[in-house]
file target.tsv (TSV, C-alpha atoms and all ligand atoms)
chain	number	residue	atom	x	y	z
A	16	MET	CA	-5.95	-13.83	-31.10
A	17	LYS	CA	-5.95	-17.61	-30.88
A	18	LYS	CA	-2.39	-18.38	-29.79
A	19	VAL	CA	-1.89	-17.79	-26.08
A	20	GLY	CA	1.22	-18.16	-23.91
A	21	PHE	CA	0.46	-18.62	-20.19
A	22	ILE	CA	3.15	-18.39	-17.50
A	23	GLY	CA	2.38	-19.19	-13.83
A	24	LEU	CA	0.09	-22.17	-13.23
A	25	GLY	CA	-0.53	-21.97	-9.49
A	26	HIS	CA	-3.82	-21.92	-7.58
A	27	MET	CA	-5.21	-19.25	-9.92
A	28	GLY	CA	-3.24	-19.60	-13.14
A	29	ALA	CA	-3.98	-23.31	-13.67
A	30	PRO	CA	-7.78	-23.03	-13.70
A	31	MET	CA	-7.62	-19.81	-15.76
A	32	ALA	CA	-5.44	-21.56	-18.35
A	33	LEU	CA	-7.73	-24.60	-18.34
A	34	ASN	CA	-10.72	-22.39	-19.17
A	35	LEU	CA	-8.86	-20.90	-22.15
A	36	LEU	CA	-7.98	-24.40	-23.30
A	37	LYS	CA	-11.61	-25.53	-23.02
A	38	ALA	CA	-12.68	-22.47	-25.03
A	39	GLY	CA	-10.46	-23.61	-27.90
A	40	TYR	CA	-7.42	-21.35	-27.50
A	41	ASP	CA	-4.12	-22.76	-28.73
A	42	LEU	CA	-2.24	-22.73	-25.42
A	43	LYS	CA	1.49	-22.91	-24.61
A	44	VAL	CA	2.18	-22.98	-20.87
A	45	PHE	CA	5.13	-22.71	-18.51
A	46	ASP	CA	5.68	-22.92	-14.75
A	47	LEU	CA	8.82	-23.50	-12.72
A	48	ASN	CA	6.97	-26.28	-10.89
A	49	PRO	CA	6.90	-29.51	-12.98
A	50	THR	CA	3.79	-30.79	-11.16
A	51	ALA	CA	1.82	-27.70	-12.20
A	52	LEU	CA	3.02	-28.16	-15.79
A	53	LYS	CA	2.00	-31.82	-15.86
A	54	ALA	CA	-1.58	-31.02	-14.84
A	55	LEU	CA	-1.93	-28.71	-17.86
A	56	ALA	CA	-0.18	-31.18	-20.16
A	57	ASP	CA	-2.63	-33.90	-19.08
A	58	ALA	CA	-5.47	-31.55	-20.04
A	59	GLY	CA	-4.03	-31.08	-23.53
A	60	ALA	CA	-1.96	-27.87	-23.33
A	61	ALA	CA	1.47	-27.67	-24.97
A	62	THR	CA	4.12	-27.28	-22.28
A	63	THR	CA	7.42	-25.49	-22.82
A	64	ALA	CA	10.88	-25.77	-21.29
A	65	SER	CA	11.18	-22.06	-20.48
A	66	ALA	CA	9.16	-18.90	-20.02
A	67	MET	CA	10.76	-17.55	-23.20
A	68	ASP	CA	9.44	-20.49	-25.23
A	69	ALA	CA	5.92	-19.92	-23.88
A	70	ALA	CA	6.11	-16.22	-24.76
A	71	ASN	CA	7.50	-16.42	-28.29
A	72	ASP	CA	5.21	-16.13	-31.32
A	73	VAL	CA	1.86	-15.90	-29.54
A	74	ASP	CA	-0.97	-13.39	-29.98
A	75	VAL	CA	-1.47	-12.91	-26.25
A	76	LEU	CA	0.90	-13.57	-23.34
A	77	ILE	CA	-0.66	-13.93	-19.87
A	78	THR	CA	1.30	-14.09	-16.61
A	79	MET	CA	-0.08	-15.06	-13.18
A	80	LEU	CA	2.85	-14.89	-10.75
A	81	PRO	CA	3.05	-14.36	-6.98
A	82	SER	CA	4.45	-10.83	-6.56
A	83	SER	CA	6.31	-7.79	-7.95
A	84	PRO	CA	9.85	-9.30	-7.88
A	85	HIS	CA	8.66	-12.34	-9.87
A	86	VAL	CA	7.01	-10.15	-12.52
A	87	LYS	CA	9.94	-7.71	-12.77
A	88	GLN	CA	12.47	-10.54	-12.90
A	89	LEU	CA	10.60	-12.25	-15.71
A	90	TYR	CA	9.97	-9.23	-17.92
A	91	ILE	CA	12.89	-6.88	-17.25
A	92	GLY	CA	15.35	-8.80	-15.04
A	93	GLU	CA	18.31	-10.86	-16.15
A	94	GLY	CA	17.56	-12.54	-19.49
A	95	ALA	CA	14.62	-10.14	-19.81
A	96	LEU	CA	11.75	-11.64	-21.70
A	97	LEU	CA	10.83	-8.24	-23.14
A	98	GLN	CA	14.23	-7.82	-24.78
A	99	ASN	CA	14.25	-11.20	-26.45
A	100	ILE	CA	10.62	-11.95	-27.25
A	101	SER	CA	9.67	-12.68	-30.84
A	102	GLY	CA	6.30	-11.65	-32.22
A	103	GLN	CA	4.00	-8.80	-31.24
A	104	PRO	CA	1.80	-10.15	-28.44
A	105	LEU	CA	-0.62	-8.25	-26.26
A	106	ILE	CA	0.76	-8.80	-22.73
A	107	ILE	CA	-1.62	-9.21	-19.81
A	108	ASP	CA	-0.22	-9.52	-16.29
A	109	CYS	CA	-2.91	-10.82	-13.93
A	110	SER	CA	-0.65	-11.01	-10.84
A	111	THR	CA	-1.36	-8.67	-7.92
A	112	ILE	CA	1.75	-6.48	-7.71
A	113	ALA	CA	2.82	-2.94	-6.75
A	114	PRO	CA	1.35	-0.25	-9.04
A	115	ASP	CA	4.85	1.17	-9.60
A	116	ALA	CA	6.14	-2.23	-10.72
A	117	ALA	CA	3.19	-2.56	-13.13
A	118	LYS	CA	3.96	0.89	-14.58
A	119	GLU	CA	7.67	0.09	-14.91
A	120	VAL	CA	7.09	-3.16	-16.78
A	121	ALA	CA	4.39	-1.62	-19.00
A	122	ALA	CA	6.77	1.24	-19.91
A	123	ALA	CA	9.44	-1.31	-20.88
A	124	ALA	CA	6.87	-3.14	-23.04
A	125	ARG	CA	5.88	0.15	-24.70
A	126	ARG	CA	9.54	0.88	-25.54
A	127	ARG	CA	9.60	-2.49	-27.27
A	128	GLY	CA	6.38	-1.53	-29.15
A	129	LEU	CA	4.12	-3.90	-27.18
A	130	ASP	CA	0.78	-3.22	-25.48
A	131	MET	CA	0.61	-4.31	-21.86
A	132	LEU	CA	-2.26	-4.40	-19.36
A	133	ASP	CA	-2.21	-4.92	-15.62
A	134	ALA	CA	-5.30	-7.05	-14.99
A	135	PRO	CA	-5.36	-8.36	-11.41
A	136	VAL	CA	-8.37	-10.47	-10.57
A	137	SER	CA	-10.92	-10.89	-7.83
A	138	GLY	CA	-13.04	-13.97	-7.18
A	139	GLY	CA	-10.57	-16.48	-5.74
A	140	VAL	CA	-9.83	-20.02	-6.84
A	141	ALA	CA	-13.56	-20.83	-7.10
A	142	GLY	CA	-14.03	-17.89	-9.47
A	143	ALA	CA	-11.01	-18.96	-11.50
A	144	GLU	CA	-12.40	-22.50	-11.81
A	145	ALA	CA	-15.91	-21.35	-12.69
A	146	GLY	CA	-14.69	-18.69	-15.14
A	147	THR	CA	-16.42	-15.95	-13.15
A	148	LEU	CA	-13.44	-13.78	-12.15
A	149	THR	CA	-13.57	-10.01	-12.07
A	150	PHE	CA	-10.72	-8.41	-14.06
A	151	ILE	CA	-9.60	-4.98	-12.84
A	152	VAL	CA	-7.66	-3.52	-15.73
A	153	GLY	CA	-5.10	-0.73	-16.10
A	154	GLY	CA	-3.79	0.33	-19.51
A	155	GLU	CA	-4.92	1.61	-22.90
A	156	ALA	CA	-8.60	1.16	-23.78
A	157	SER	CA	-7.60	-0.22	-27.20
A	158	ALA	CA	-5.48	-2.94	-25.56
A	159	LEU	CA	-8.30	-3.78	-23.18
A	160	LYS	CA	-10.61	-4.20	-26.18
A	161	LYS	CA	-8.17	-6.69	-27.72
A	162	GLY	CA	-8.00	-8.68	-24.47
A	163	THR	CA	-11.74	-8.67	-23.78
A	164	PRO	CA	-12.58	-11.99	-25.54
A	165	LEU	CA	-10.09	-13.75	-23.23
A	166	PHE	CA	-11.33	-11.90	-20.14
A	167	ASN	CA	-14.84	-13.06	-21.03
A	168	VAL	CA	-13.71	-16.69	-21.08
A	169	MET	CA	-11.93	-16.48	-17.72
A	170	GLY	CA	-14.33	-14.10	-16.00
A	171	LYS	CA	-17.66	-12.37	-16.07
A	172	ASN	CA	-16.83	-8.77	-15.09
A	173	VAL	CA	-14.22	-6.50	-16.65
A	174	PHE	CA	-13.52	-3.01	-15.28
A	175	HIS	CA	-11.24	-0.38	-16.77
A	176	ALA	CA	-9.70	1.34	-13.73
A	177	GLY	CA	-7.49	3.76	-15.71
A	178	ASP	CA	-3.92	3.86	-17.06
A	179	ASN	CA	-1.21	1.26	-16.36
A	180	GLY	CA	-0.97	0.66	-12.61
A	181	ALA	CA	-4.57	1.74	-11.93
A	182	GLY	CA	-5.80	-1.87	-12.01
A	183	GLN	CA	-3.34	-2.65	-9.23
A	184	VAL	CA	-4.39	0.34	-7.12
A	185	ALA	CA	-8.06	-0.73	-7.32
A	186	LYS	CA	-7.16	-4.34	-6.53
A	187	ILE	CA	-5.07	-3.32	-3.50
A	188	CYS	CA	-7.97	-1.21	-2.14
A	189	ASN	CA	-10.34	-4.15	-2.62
A	190	ASN	CA	-8.03	-6.64	-0.91
A	191	MET	CA	-7.37	-4.33	2.03
A	192	LEU	CA	-11.14	-4.13	2.54
A	193	LEU	CA	-11.45	-7.92	2.16
A	194	GLY	CA	-8.62	-8.58	4.63
A	195	ILE	CA	-10.26	-6.30	7.21
A	196	GLN	CA	-13.69	-7.84	6.65
A	197	MET	CA	-12.41	-11.39	7.06
A	198	ILE	CA	-10.92	-10.48	10.45
A	199	SER	CA	-14.02	-8.66	11.64
A	200	THR	CA	-16.22	-11.54	10.46
A	201	ALA	CA	-14.04	-14.08	12.30
A	202	GLU	CA	-14.06	-12.04	15.49
A	203	ALA	CA	-17.85	-11.57	15.41
A	204	LEU	CA	-18.44	-15.29	14.81
A	205	GLN	CA	-16.11	-16.24	17.69
A	206	LEU	CA	-17.84	-13.76	20.01
A	207	GLY	CA	-21.16	-15.45	19.22
A	208	VAL	CA	-19.78	-18.96	19.68
A	209	ASN	CA	-18.09	-18.04	22.97
A	210	ASN	CA	-21.48	-16.79	24.15
A	211	GLY	CA	-23.30	-19.99	23.30
A	212	LEU	CA	-24.45	-19.46	19.69
A	213	ASP	CA	-24.24	-21.96	16.85
A	214	PRO	CA	-21.96	-20.35	14.20
A	215	ALA	CA	-24.29	-21.49	11.38
A	216	VAL	CA	-27.31	-19.93	13.09
A	217	LEU	CA	-25.41	-16.71	13.77
A	218	SER	CA	-24.14	-16.61	10.16
A	219	GLY	CA	-27.71	-17.04	8.88
A	220	ILE	CA	-28.87	-14.14	11.05
A	221	MET	CA	-26.02	-11.80	10.03
A	222	ASN	CA	-26.38	-12.79	6.35
A	223	LYS	CA	-29.82	-11.18	6.43
A	224	SER	CA	-28.81	-8.29	8.70
A	225	SER	CA	-26.68	-5.18	8.39
A	226	GLY	CA	-23.43	-7.03	9.16
A	227	ASN	CA	-23.63	-9.07	5.96
A	228	ASN	CA	-20.50	-9.12	3.79
A	229	TRP	CA	-18.70	-11.32	1.22
A	230	ALA	CA	-16.47	-13.06	3.78
A	231	LEU	CA	-19.52	-14.10	5.81
A	232	GLU	CA	-21.82	-15.02	2.95
A	233	VAL	CA	-19.53	-16.59	0.34
A	234	TYR	CA	-16.33	-17.57	2.18
A	235	ASN	CA	-17.42	-18.21	5.76
A	236	PRO	CA	-14.29	-18.65	7.96
A	237	TYR	CA	-15.92	-20.77	10.69
A	238	PRO	CA	-15.42	-24.53	10.14
A	239	GLY	CA	-18.60	-26.44	9.40
A	240	VAL	CA	-20.80	-23.49	8.42
A	241	MET	CA	-20.37	-23.79	4.62
A	242	ASP	CA	-19.34	-26.63	2.31
A	243	ASN	CA	-16.72	-26.09	-0.39
A	244	VAL	CA	-14.85	-23.26	1.31
A	245	PRO	CA	-11.33	-23.54	2.79
A	246	ALA	CA	-12.77	-23.55	6.34
A	247	SER	CA	-14.45	-26.88	5.53
A	248	ARG	CA	-11.12	-28.49	4.53
A	249	GLU	CA	-8.86	-27.27	7.33
A	250	TYR	CA	-8.07	-24.09	5.38
A	251	GLU	CA	-6.17	-25.89	2.61
A	252	GLY	CA	-5.94	-24.20	-0.80
A	253	GLY	CA	-7.54	-20.86	-1.63
A	254	PHE	CA	-5.85	-17.51	-1.01
A	255	LEU	CA	-2.85	-17.93	1.26
A	256	VAL	CA	-2.19	-15.86	4.39
A	257	ASP	CA	1.22	-15.01	2.89
A	258	LEU	CA	-0.44	-13.58	-0.25
A	259	MET	CA	-2.91	-11.53	1.79
A	260	SER	CA	0.06	-10.25	3.84
A	261	LYS	CA	1.81	-9.30	0.59
A	262	ASP	CA	-1.30	-7.38	-0.57
A	263	LEU	CA	-1.58	-5.56	2.76
A	264	GLY	CA	2.11	-4.68	2.39
A	265	LEU	CA	1.27	-3.17	-1.03
A	266	ALA	CA	-1.56	-1.23	0.65
A	267	THR	CA	0.95	0.10	3.19
A	268	GLU	CA	3.30	1.24	0.40
A	269	ALA	CA	0.39	2.98	-1.37
A	270	MET	CA	-0.69	4.54	1.94
A	271	LEU	CA	2.80	5.95	2.58
A	272	SER	CA	3.39	7.23	-0.95
A	273	SER	CA	0.01	9.02	-1.05
A	274	LYS	CA	0.09	10.24	2.58
A	275	SER	CA	-3.20	8.42	3.23
A	276	SER	CA	-4.42	7.03	6.52
A	277	THR	CA	-5.37	3.33	6.69
A	278	PRO	CA	-5.55	2.43	10.40
A	279	MET	CA	-7.74	-0.64	9.89
A	280	GLY	CA	-5.58	-1.88	7.02
A	281	SER	CA	-2.44	-1.47	9.15
A	282	LEU	CA	-4.00	-3.40	12.03
A	283	ALA	CA	-5.12	-6.13	9.64
A	284	LYS	CA	-1.56	-6.39	8.29
A	285	SER	CA	-0.23	-6.89	11.84
A	286	LEU	CA	-2.83	-9.53	12.66
A	287	TYR	CA	-2.11	-11.58	9.51
A	288	ALA	CA	1.63	-11.26	10.28
A	289	LEU	CA	1.02	-12.58	13.82
A	290	HIS	CA	-1.06	-15.44	12.39
A	291	ALA	CA	1.68	-16.26	9.84
A	292	SER	CA	4.32	-16.19	12.59
A	293	LYS	CA	2.49	-19.12	14.22
A	294	GLY	CA	3.13	-21.25	11.11
A	295	ASN	CA	-0.07	-20.46	9.21
A	296	GLY	CA	1.38	-18.60	6.21
A	297	ASP	CA	0.47	-21.29	3.72
A	298	LEU	CA	-3.12	-21.72	4.90
A	299	ASP	CA	-6.06	-19.88	3.34
A	300	PHE	CA	-6.50	-16.38	4.78
A	301	SER	CA	-9.89	-17.30	6.34
A	302	SER	CA	-7.80	-19.35	8.82
A	303	ILE	CA	-7.44	-16.04	10.69
A	304	GLN	CA	-10.45	-17.53	12.55
A	305	LYS	CA	-7.89	-19.66	14.47
A	306	LEU	CA	-6.40	-16.51	15.97
A	307	PHE	CA	-9.64	-15.97	17.91
A	308	GLN	CA	-10.39	-19.56	18.89
A	309	PRO	CA	-9.72	-20.42	22.52
B	1	LIG	P1	0.59	-19.51	-6.48
B	1	LIG	O1	1.76	-19.31	-5.61
B	1	LIG	O2	-0.35	-20.65	-6.24
B	1	LIG	O3	1.07	-19.62	-8.02
B	1	LIG	C1	2.13	-18.90	-8.58
B	1	LIG	C2	2.80	-19.81	-9.60
B	1	LIG	O4	3.81	-19.06	-10.29
B	1	LIG	C3	3.49	-21.02	-8.98
B	1	LIG	O5	3.03	-22.22	-9.61
B	1	LIG	C4	4.98	-20.79	-9.27
B	1	LIG	O6	5.71	-21.98	-9.50
B	1	LIG	C5	4.90	-19.94	-10.51
B	1	LIG	N1	6.08	-19.13	-10.80
B	1	LIG	C6	6.74	-18.27	-9.99
B	1	LIG	N2	7.74	-17.67	-10.66
B	1	LIG	C7	7.71	-18.16	-11.92
B	1	LIG	C8	8.49	-17.93	-13.09
B	1	LIG	N3	9.51	-17.07	-13.11
B	1	LIG	N4	8.17	-18.60	-14.21
B	1	LIG	C9	7.15	-19.47	-14.22
B	1	LIG	N5	6.37	-19.73	-13.15
B	1	LIG	C10	6.66	-19.09	-12.02
B	1	LIG	O7	-0.20	-18.11	-6.45
B	1	LIG	P2	-1.75	-17.88	-6.83
B	1	LIG	O8	-2.59	-18.13	-5.62
B	1	LIG	O9	-2.05	-18.54	-8.12
B	1	LIG	O10	-1.70	-16.28	-7.03
B	1	LIG	C11	-1.12	-15.69	-8.17
B	1	LIG	C12	-1.39	-14.19	-8.11
B	1	LIG	O11	-2.81	-13.97	-8.09
B	1	LIG	C13	-0.83	-13.50	-6.85
B	1	LIG	O12	-0.34	-12.25	-7.20
B	1	LIG	C14	-2.05	-13.39	-5.94
B	1	LIG	O13	-1.93	-12.30	-5.05
B	1	LIG	C15	-3.16	-13.19	-6.95
B	1	LIG	N6	-4.49	-13.64	-6.53
B	1	LIG	C16	-4.66	-14.83	-5.88
B	1	LIG	C17	-5.95	-15.23	-5.50
B	1	LIG	C18	-6.19	-16.55	-4.79
B	1	LIG	O14	-7.32	-16.75	-4.29
B	1	LIG	N7	-5.20	-17.45	-4.72
B	1	LIG	C19	-7.05	-14.42	-5.78
B	1	LIG	C20	-6.85	-13.23	-6.48
B	1	LIG	C21	-5.56	-12.85	-6.84
call {"tool": "encode", "arguments": {"input": "target.tsv", "output": "structure tokens"}}
result
Amino acid sequence: MKKVGFIGLGHMGAPMALNLLKAGYDLKVFDLNPTALKALADAGAATTASAMDAANDVDVLITMLPSSPHVKQLYIGEGALLQNISGQPLIIDCSTIAPDAAKEVAAAARRRGLDMLDAPVSGGVAGAEAGTLTFIVGGEASALKKGTPLFNVMGKNVFHAGDNGAGQVAKICNNMLLGIQMISTAEALQLGVNNGLDPAVLSGIMNKSSGNNWALEVYNPYPGVMDNVPASREYEGGFLVDLMSKDLGLATEAMLSSKSSTPMGSLAKSLYALHASKGNGDLDFSSIQKLFQP
């Protein structure tokens, strides 16, 4: 399993691919964006002129694309990669997409005799860079076993959520919770600041109290509280508001199709949409703090 094709070299895909390269995998990469390709070429990866070239004759093909339409278009859309691919790779899609889209693409791969896993990740850009991502996997246990050496290079936790699509369901639940927690953290911090508290002092208190959570402790949204988080660089980079909105849209679809009730998730979706409508869609999602600032 040494030859790897990697398609999608954005905020997440680039550092994931770099970690595979550093671990000695023979890497062929492709992205529509030439700048993203050049960064990988400079690091020593072979770049290709098309997604098809990156996918042909590899042991494992990994994709890290923005959303369901991108993944469906690549694998089963016009010029479908799955129809024309040569070789017998294990396919791992790490994008966060709709569970139904993941099932549809995996079924097409199965018809072509290929194993496919949905393996969305948690841990953000920092986790991708450090090789400490959590992989949340849907698909056959035997395929997961084949992919595990690569997961262990790019991450430190691997969970088998169930059959194809189950990785996406678990990821959507996690991101809905994260989206809600980031908003509640931002609103609590602003309440403290508006009542005379230093946000760093308040964060320190809540970190050791019952309000502690990942958004507060690891990804603090208030500028100046933590170094090396998007809030300390004017919310550049990281996990974009538009991607969080997409994930909350996926949560809404899952809510409707399963007749569930997700009032907090629905409110969070509206608040990120409002924030995006003010021109903040391409900022990190912790910039939701700005919504509460006077
Ligand atoms: P991104 O927009 O930075 O990167 C996506 C890349 O895919 C871009 O470089 C784009 O040019 C490329 N691309 C799109 N269509 C392509 C195609 N047909 N062929 C080749 N390349 C193509 O997105 P990201 O932040 O890296 O996120 C990728 C996925 O990971 C999303 O589904 C996102 O929800 C998920 N995710 C992101 C984070 C995060 O913190 N950014 C964390 C966990 C999960």
call {"tool": "residues_around", "arguments": {"input": "target.tsv", "residues": "stretch 229-241 of chain A", "least_positions_apart": "6", "cutoff": "6 Å", "atoms": "only C-alpha atoms", "output": "PDB file with C-alpha atoms, in the frame of the given file"}}
result
ATOM      1  CA  MET A 197     -12.410 -11.390   7.060  1.00  0.00           C
ATOM      2  CA  ALA A 215     -24.290 -21.490  11.380  1.00  0.00           C
ATOM      3  CA  SER A 247     -14.450 -26.880   5.530  1.00  0.00           C
ATOM      4  CA  SER A 301      -9.890 -17.300   6.340  1.00  0.00           C
TER       5      SER A 301
END
call {"tool": "residues_around", "arguments": {"input": "target.tsv", "residues": "A:Gly226", "least_positions_apart": "5", "cutoff": "12 Å", "atoms": "all atoms listed in the file", "output": "list in words"}}
result
Gln196, Ser199, Thr200, Ala203, Leu204, Leu217, Ser218, Gly219, Ile220, Met221, Leu231 and Glu232 of chain A
call {"tool": "closest_residue", "arguments": {"input": "target.tsv", "among": "A:Asn71, A:Thr149, A:Thr62, A:Ser110", "to": "ligand LIG 1 (chain B)", "atoms": "all atoms listed in the file"}}
result
A:Ser110
call {"tool": "residues_near_ligand", "arguments": {"input": "target.tsv", "ligand": "ligand LIG 1 (chain B)", "cutoff": "6 Å", "atoms": "all atoms listed in the file", "output": "list in words"}}
result
Ile22, Gly23, Leu24, Gly25, His26, Met27, Gly28, Phe45, Asp46, Leu47, Asn48, Ala66, Met79, Leu80, Pro81, Ser82, His85, Leu89, Ser110, Thr111, Val136, Ser137, Gly139, Val140, Gly253, Phe254 and Leu258 of chain A
call {"tool": "residues_near_point", "arguments": {"input": "target.tsv", "point": "(-8.8, -2.9, 9.9)", "cutoff": "12 Å", "atoms": "only C-alpha atoms", "output": "list in words"}}
result
Asn190, Met191, Leu192, Leu193, Gly194, Ile195, Gln196, Met197, Ile198, Ser199, Thr200, Glu202, Leu263, Ala266, Ser276, Thr277, Pro278, Met279, Gly280, Ser281, Leu282, Ala283, Lys284, Ser285, Leu286 and Tyr287 of chain A
call {"tool": "closest_residue", "arguments": {"input": "target.tsv", "among": "A:Ala113, A:Val173, A:Ala181, A:Val208", "to": "A:Ala269", "atoms": "all atoms listed in the file"}}
result
A:Ala113
call {"tool": "closest_residue", "arguments": {"input": "target.tsv", "among": "A:Ser275, A:Asp130, A:Asn189, A:Asn228", "to": "A:Lys160", "atoms": "all atoms listed in the file"}}
result
A:Asp130
call {"tool": "axis_aligned_box", "arguments": {"input": "target.tsv", "around": "stretch 133-143 of chain A", "padding_each_side": "3 Å", "output": "lines of an AutoDock Vina configuration file"}}
result
center_x = -8.1
center_y = -12.9
center_z = -10.7
size_x = 17.8
size_y = 21.9
size_z = 15.9
call {"tool": "atom_distance", "arguments": {"input": "target.tsv", "atom1": "atom CA of A:Pro245", "atom2": "atom CA of A:Asp299"}}
result
6.4 Å
call {"tool": "build_atoms", "arguments": {"input": "target.tsv", "residues": "stretch 64-78 of chain A", "atoms": "N, CA and C atoms", "output": "PDB file, in the coordinates of the input"}}
result
ATOM      1  N   ALA A  64       9.761 -25.564 -22.204  1.00  0.00           N
ATOM      2  CA  ALA A  64      10.880 -25.770 -21.290  1.00  0.00           C
ATOM      3  C   ALA A  64      11.315 -24.479 -20.617  1.00  0.00           C
ATOM      4  N   SER A  65      10.799 -23.347 -21.085  1.00  0.00           N
ATOM      5  CA  SER A  65      11.180 -22.060 -20.480  1.00  0.00           C
ATOM      6  C   SER A  65      10.062 -21.050 -20.680  1.00  0.00           C
ATOM      7  N   ALA A  66      10.139 -19.982 -19.877  1.00  0.00           N
ATOM      8  CA  ALA A  66       9.160 -18.900 -20.020  1.00  0.00           C
ATOM      9  C   ALA A  66       9.274 -18.272 -21.412  1.00  0.00           C
ATOM     10  N   MET A  67      10.522 -18.155 -21.878  1.00  0.00           N
ATOM     11  CA  MET A  67      10.760 -17.550 -23.200  1.00  0.00           C
ATOM     12  C   MET A  67      10.031 -18.322 -24.291  1.00  0.00           C
ATOM     13  N   ASP A  68      10.106 -19.657 -24.219  1.00  0.00           N
ATOM     14  CA  ASP A  68       9.440 -20.490 -25.230  1.00  0.00           C
ATOM     15  C   ASP A  68       7.921 -20.280 -25.195  1.00  0.00           C
ATOM     16  N   ALA A  69       7.377 -20.115 -23.987  1.00  0.00           N
ATOM     17  CA  ALA A  69       5.920 -19.920 -23.880  1.00  0.00           C
ATOM     18  C   ALA A  69       5.508 -18.554 -24.426  1.00  0.00           C
ATOM     19  N   ALA A  70       6.444 -17.601 -24.377  1.00  0.00           N
ATOM     20  CA  ALA A  70       6.110 -16.220 -24.760  1.00  0.00           C
ATOM     21  C   ALA A  70       6.306 -15.932 -26.248  1.00  0.00           C
ATOM     22  N   ASN A  71       7.168 -16.716 -26.885  1.00  0.00           N
ATOM     23  CA  ASN A  71       7.500 -16.420 -28.290  1.00  0.00           C
ATOM     24  C   ASN A  71       6.359 -16.763 -29.237  1.00  0.00           C
ATOM     25  N   ASP A  72       6.134 -15.869 -30.205  1.00  0.00           N
ATOM     26  CA  ASP A  72       5.210 -16.130 -31.320  1.00  0.00           C
ATOM     27  C   ASP A  72       3.795 -16.493 -30.889  1.00  0.00           C
ATOM     28  N   VAL A  73       3.277 -15.741 -29.926  1.00  0.00           N
ATOM     29  CA  VAL A  73       1.860 -15.900 -29.540  1.00  0.00           C
ATOM     30  C   VAL A  73       1.147 -14.575 -29.797  1.00  0.00           C
ATOM     31  N   ASP A  74      -0.187 -14.622 -29.808  1.00  0.00           N
ATOM     32  CA  ASP A  74      -0.970 -13.390 -29.980  1.00  0.00           C
ATOM     33  C   ASP A  74      -1.141 -12.665 -28.644  1.00  0.00           C
ATOM     34  N   VAL A  75      -1.271 -13.484 -27.586  1.00  0.00           N
ATOM     35  CA  VAL A  75      -1.470 -12.910 -26.250  1.00  0.00           C
ATOM     36  C   VAL A  75      -0.585 -13.681 -25.268  1.00  0.00           C
ATOM     37  N   LEU A  76       0.103 -12.937 -24.403  1.00  0.00           N
ATOM     38  CA  LEU A  76       0.900 -13.570 -23.340  1.00  0.00           C
ATOM     39  C   LEU A  76       0.272 -13.177 -21.995  1.00  0.00           C
ATOM     40  N   ILE A  77      -0.056 -14.186 -21.190  1.00  0.00           N
ATOM     41  CA  ILE A  77      -0.660 -13.930 -19.870  1.00  0.00           C
ATOM     42  C   ILE A  77       0.302 -14.424 -18.795  1.00  0.00           C
ATOM     43  N   THR A  78       0.511 -13.619 -17.752  1.00  0.00           N
ATOM     44  CA  THR A  78       1.300 -14.090 -16.610  1.00  0.00           C
ATOM     45  C   THR A  78       0.450 -14.018 -15.339  1.00  0.00           C
TER      46      THR A  78
END
